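Engineer: Supplied structure: target.cif, mmCIF, C-alpha atoms.
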data_upload
loop_
_atom_site.label_atom_id
_atom_site.label_comp_id
_atom_site.auth_asym_id
_atom_site.auth_seq_id
_atom_site.Cartn_x
_atom_site.Cartn_y
_atom_site.Cartn_z
CA MET A 1 205.69 109.35 -112.25
CA ASP A 2 207.60 107.86 -115.20
CA ARG A 3 210.81 109.46 -113.94
CA ALA A 4 210.15 108.03 -110.48
CA LYS A 5 209.78 104.56 -111.98
CA LYS A 6 213.14 104.82 -113.71
CA LYS A 7 214.96 106.22 -110.70
CA ASN A 8 216.60 103.75 -108.35
CA PHE A 9 215.66 104.74 -104.80
CA VAL A 10 217.88 102.11 -103.18
CA SER A 11 221.24 103.39 -101.92
CA LYS A 12 224.45 102.04 -103.44
CA ARG A 13 225.46 100.89 -99.95
CA VAL A 14 222.37 98.67 -99.70
CA GLU A 15 222.72 97.45 -103.28
CA ALA A 16 226.28 96.33 -102.53
CA LEU A 17 225.16 94.02 -99.71
CA ALA A 18 225.45 90.33 -100.53
CA PRO A 19 222.27 88.31 -99.96
CA SER A 20 222.20 85.99 -96.96
CA GLY A 21 223.46 82.55 -97.95
CA ILE A 22 221.51 80.79 -95.21
CA ARG A 23 218.25 82.50 -96.25
CA ALA A 24 218.83 81.51 -99.88
CA PHE A 25 219.34 77.93 -98.71
CA PHE A 26 216.08 78.08 -96.71
CA ASP A 27 214.25 79.19 -99.87
CA LEU A 28 215.89 76.38 -101.85
CA VAL A 29 214.69 73.59 -99.54
CA LEU A 30 211.31 75.16 -98.78
CA GLY A 31 208.63 72.60 -99.53
CA MET A 32 211.07 69.70 -99.93
CA LYS A 33 210.03 66.53 -98.21
CA GLU A 34 212.23 64.51 -95.87
CA VAL A 35 214.43 67.51 -95.13
CA ILE A 36 215.31 68.20 -91.50
CA SER A 37 216.08 71.84 -90.77
CA LEU A 38 219.25 72.46 -88.81
CA GLY A 39 218.98 76.18 -89.49
CA VAL A 40 217.40 78.82 -87.29
CA GLY A 41 217.58 77.85 -83.63
CA GLU A 42 213.94 78.25 -82.70
CA PRO A 43 212.34 76.35 -79.79
CA ASP A 44 210.06 73.46 -80.74
CA PHE A 45 207.54 74.46 -78.06
CA VAL A 46 205.08 77.28 -77.51
CA THR A 47 206.25 80.18 -75.33
CA PRO A 48 205.55 79.16 -71.69
CA TRP A 49 202.26 80.40 -70.27
CA ASN A 50 203.79 82.49 -67.47
CA ILE A 51 205.61 84.59 -70.08
CA ARG A 52 202.52 84.96 -72.28
CA GLU A 53 200.40 85.78 -69.23
CA THR A 54 202.77 88.56 -68.20
CA GLY A 55 202.56 90.04 -71.71
CA ILE A 56 198.76 89.92 -71.63
CA PHE A 57 198.70 91.48 -68.15
CA SER A 58 200.96 94.33 -69.32
CA LEU A 59 198.61 95.08 -72.22
CA GLU A 60 195.56 95.02 -69.95
CA GLU A 61 197.29 97.33 -67.47
CA GLY A 62 197.86 99.86 -70.24
CA TYR A 63 201.59 99.48 -70.87
CA THR A 64 201.07 100.30 -74.54
CA SER A 65 202.62 103.75 -74.98
CA TYR A 66 206.12 105.02 -75.68
CA THR A 67 208.77 104.51 -73.03
CA SER A 68 212.04 106.32 -72.51
CA ASN A 69 214.39 105.91 -75.48
CA LYS A 70 216.53 103.81 -73.14
CA GLY A 71 213.66 101.44 -72.32
CA LEU A 72 211.51 100.96 -69.22
CA TYR A 73 213.32 102.38 -66.22
CA LYS A 74 211.98 99.63 -63.94
CA LEU A 75 213.44 97.00 -66.28
CA ARG A 76 216.79 98.79 -66.43
CA LEU A 77 216.93 98.82 -62.64
CA LEU A 78 216.23 95.07 -62.55
CA ILE A 79 219.01 94.46 -65.08
CA GLN A 80 221.36 96.62 -63.02
CA ARG A 81 220.56 94.56 -59.91
CA PHE A 82 220.95 91.26 -61.81
CA LEU A 83 224.38 92.23 -63.16
CA LYS A 84 225.55 93.17 -59.68
CA GLN A 85 224.23 90.00 -58.03
CA ARG A 86 225.33 87.60 -60.78
CA PHE A 87 228.61 89.08 -61.97
CA ASP A 88 229.52 91.65 -59.28
CA VAL A 89 229.77 94.46 -61.86
CA ASP A 90 228.32 97.95 -61.52
CA TYR A 91 226.41 99.55 -64.37
CA SER A 92 224.23 102.65 -64.15
CA ALA A 93 220.57 102.15 -65.07
CA ASP A 94 220.51 105.84 -66.06
CA GLU A 95 223.62 106.00 -68.22
CA GLU A 96 224.88 102.53 -69.18
CA ILE A 97 221.90 100.21 -69.74
CA LEU A 98 219.81 100.33 -72.92
CA ILE A 99 216.86 98.10 -73.81
CA THR A 100 216.59 97.01 -77.46
CA VAL A 101 214.28 94.62 -79.30
CA GLY A 102 217.13 92.19 -79.90
CA VAL A 103 220.85 91.70 -80.28
CA SER A 104 220.94 92.73 -83.95
CA GLU A 105 219.43 96.13 -83.15
CA ALA A 106 221.79 96.60 -80.21
CA LEU A 107 224.80 95.70 -82.36
CA ASP A 108 223.64 97.97 -85.18
CA LEU A 109 223.30 100.92 -82.80
CA ALA A 110 226.69 100.23 -81.21
CA VAL A 111 228.49 99.93 -84.55
CA ARG A 112 226.88 103.12 -85.91
CA ALA A 113 227.88 104.93 -82.73
CA ILE A 114 231.60 104.13 -83.00
CA LEU A 115 232.39 103.84 -86.73
CA ASN A 116 233.63 106.53 -89.05
CA PRO A 117 233.59 105.89 -92.83
CA GLY A 118 236.20 103.33 -93.89
CA GLU A 119 237.08 102.11 -90.41
CA GLU A 120 237.42 98.37 -89.91
CA VAL A 121 235.70 95.87 -87.65
CA ILE A 122 237.24 92.42 -87.18
CA ILE A 123 234.71 89.57 -87.32
CA PRO A 124 235.78 86.00 -86.49
CA GLN A 125 234.33 83.40 -88.88
CA PRO A 126 232.16 81.37 -88.98
CA CYS A 127 229.78 84.05 -87.78
CA TYR A 128 226.16 85.15 -87.75
CA VAL A 129 225.16 86.39 -91.21
CA SER A 130 224.16 89.92 -90.14
CA TYR A 131 227.50 91.01 -88.70
CA GLY A 132 229.14 91.95 -92.01
CA PRO A 133 226.14 93.87 -93.41
CA ILE A 134 225.72 95.77 -90.11
CA VAL A 135 229.29 97.04 -90.42
CA GLU A 136 228.88 97.85 -94.13
CA LEU A 137 225.65 99.78 -93.59
CA ALA A 138 227.43 101.87 -90.97
CA GLY A 139 230.05 102.82 -93.57
CA GLY A 140 232.71 100.51 -92.19
CA LYS A 141 234.65 97.59 -93.60
CA PRO A 142 234.23 94.09 -92.15
CA VAL A 143 237.50 92.18 -91.84
CA PHE A 144 236.73 88.48 -91.57
CA LEU A 145 239.17 86.46 -89.49
CA PRO A 146 238.87 82.68 -90.04
CA ALA A 147 238.75 80.72 -86.79
CA ARG A 148 240.36 77.33 -87.33
CA GLU A 149 238.78 74.01 -86.39
CA SER A 150 242.14 72.99 -84.91
CA ASP A 151 241.72 75.89 -82.44
CA CYS A 152 238.12 74.85 -81.62
CA PHE A 153 236.93 77.74 -83.81
CA LYS A 154 238.55 80.30 -81.51
CA ILE A 155 240.68 83.16 -82.74
CA THR A 156 244.12 83.47 -81.20
CA PRO A 157 245.85 86.64 -79.97
CA GLU A 158 248.44 86.12 -82.72
CA GLN A 159 245.73 86.07 -85.40
CA LEU A 160 244.12 89.17 -83.96
CA GLU A 161 247.45 91.00 -83.82
CA LYS A 162 248.10 90.29 -87.51
CA ALA A 163 244.60 91.45 -88.49
CA CYS A 164 244.92 94.83 -86.76
CA THR A 165 245.64 97.91 -88.87
CA LYS A 166 245.57 101.66 -88.29
CA LYS A 167 241.93 101.56 -89.42
CA THR A 168 240.82 98.85 -86.98
CA LYS A 169 238.10 100.26 -84.72
CA GLY A 170 236.44 97.22 -83.20
CA ILE A 171 235.93 93.49 -83.01
CA ILE A 172 232.66 91.58 -82.77
CA LEU A 173 233.32 88.76 -80.34
CA ASN A 174 230.13 86.71 -80.16
CA TYR A 175 230.07 84.62 -76.99
CA PRO A 176 229.08 81.79 -77.07
CA SER A 177 229.79 81.79 -80.79
CA ASN A 178 226.93 81.68 -83.26
CA PRO A 179 226.95 79.25 -85.06
CA THR A 180 229.71 77.06 -83.55
CA GLY A 181 228.81 77.40 -79.86
CA THR A 182 232.47 78.00 -79.01
CA THR A 183 233.29 79.57 -75.64
CA TYR A 184 236.56 81.07 -74.47
CA THR A 185 238.32 80.50 -71.16
CA LYS A 186 239.02 83.45 -68.89
CA LYS A 187 242.70 83.23 -69.80
CA GLU A 188 241.94 83.24 -73.54
CA LEU A 189 239.72 86.30 -73.16
CA GLU A 190 242.40 88.08 -71.13
CA ASN A 191 244.94 87.42 -73.91
CA ILE A 192 242.55 88.77 -76.56
CA ASN A 193 241.77 91.75 -74.33
CA ARG A 194 245.49 92.53 -74.10
CA VAL A 195 245.68 92.89 -77.90
CA CYS A 196 242.51 95.00 -77.97
CA LYS A 197 243.87 97.36 -75.32
CA LYS A 198 247.18 97.68 -77.14
CA HIS A 199 245.45 98.81 -80.35
CA GLY A 200 242.55 100.70 -78.74
CA ILE A 201 239.95 98.32 -80.18
CA VAL A 202 236.33 98.44 -79.04
CA VAL A 203 234.94 94.98 -78.21
#
Rewrite the coordinates I just gave you, this time as structure tokens.
Structural biologist:
Amino acid sequence: MDRAKKKNFVSKRVEALAPSGIRAFFDLVLGMKEVISLGVGEPDFVTPWNIRETGIFSLEEGYTSYTSNKGLYKLRLLIQRFLKQRFDVDYSADEEILITVGVSEALDLAVRAILNPGEEVIIPQPCYVSYGPIVELAGGKPVFLPARESDCFKITPEQLEKACTKKTKGIILNYPSNPTGTTYTKKELENINRVCKKHGIVV
């Protein structure tokens, strides 16, 4: 037991992660009076009743056991139909749609699936605090690319081209941007896509 106390069970990869600056700031102002939080974007209202009622109904109907690893098939079919109707794109509910508990989990799974140790992922800044650690935990290296205010916090194809190396595997392009809210035009996305295709970068 004494040996277990002395041993550090936390991996070096986890130890190397920098703490979240925004969370440290939350802790700093916790309990302060006359402070207005402009932090986490949570609604200032209770979840609407129709959503809560559906959750309650699902529990009462017995939807409480494990699903497919990909998520409820019925839900995947609805997503498939929505994508076709809204965006006129075809995705297979069997092979190309996966249900996760949130974007961070989805991103973590995607990054782990594509990265080999030491490969790089380009991340435009400012960005959501979890992006860098997700890449690091997958054994990759985050490459932060500052988006300039003069460019409305958008990265340019020229910036992206300069940031690419032989180790570049992907780019996290959050849209609309968190935290700036920036959106790209179709033309801007096409120009970025051209660079990604040239270097074989996963978006």
Engineer: Find, counting all atoms listed in the file, the residue in A:Ala113, A:Gly132, A:Cys127, A:Val89 that gets nearest to Gly181 (chain A).
Structural biologist: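 When distances to Gly181 (chain A) are compared using all atoms listed in the file, the smallest one comes from A:Cys127.
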Engineer: Give me, as CSV, each residue of region 89-111 of chain A that comes within 6 Å of region 54-76 of chain A, together with its shortest interatomic pair and the distance in Å at one decimal, counting all atoms listed in the file, with rows ordered by chain and rising residue number.
Structural biologist:
residue,atom,partner,partner_atom,distance
A:Ala93,CA,A:Arg76,CA,5.2
A:Leu98,CA,A:Lys70,CA,4.8
A:Ile99,CA,A:Gly71,CA,4.9
Engineer: What's the separation between CA of Ala16 (chain A) and CA of Pro179 (chain A), in Å to one decimal place?
Structural biologist: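 Going from CA of Ala16 (chain A) over to CA of Pro179 (chain A), I get 24.4 Å.
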Engineer: So what do you get for CA of Asn193 (chain A) versus CA of Leu137 (chain A), distance-wise?
Structural biologist: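 Distance reported for this atom pair: 26.4 Å.
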Engineer: For Leu145 (chain A), which residue among A:Ile192, A:Glu161, A:Ile123, A:Ser130 is the nearest when counting all atoms listed in the file?
Structural biologist: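 Residue with the minimum atom-to-atom distance to Leu145 (chain A): A:Ile123.
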Engineer: Give me the result of the PyMOL selection byres ((chain A and resi 146-154) around 7) on this file, residue by residue, as a PDB file with C-alpha atoms, in the coordinates of the input.
Structural biologist:
ATOM      1  CA  PRO A 124     235.780  86.000 -86.490  1.00  0.00           C
ATOM      2  CA  GLN A 125     234.330  83.400 -88.880  1.00  0.00           C
ATOM      3  CA  PRO A 126     232.160  81.370 -88.980  1.00  0.00           C
ATOM      4  CA  PHE A 144     236.730  88.480 -91.570  1.00  0.00           C
ATOM      5  CA  LEU A 145     239.170  86.460 -89.490  1.00  0.00           C
ATOM      6  CA  ILE A 155     240.680  83.160 -82.740  1.00  0.00           C
ATOM      7  CA  THR A 156     244.120  83.470 -81.200  1.00  0.00           C
ATOM      8  CA  THR A 182     232.470  78.000 -79.010  1.00  0.00           C
TER       9      THR A 182
END
Engineer: Applied to the shown file, which residues does the PyMOL selection byres ((chain A and resi 19-22) around 12) return, written as a list of chain:residue names?
Structural biologist: A:Val14, A:Glu15, A:Ala16, A:Leu17, A:Ala18, A:Arg23, A:Ala24, A:Phe25, A:Phe26, A:Asp27, A:Leu28, A:Val29, A:Ser37, A:Leu38, A:Gly39, A:Val40, A:Cys127, A:Tyr128, A:Val129, A:Ser130, A:Tyr131, A:Gly132, A:Pro133, A:Pro179
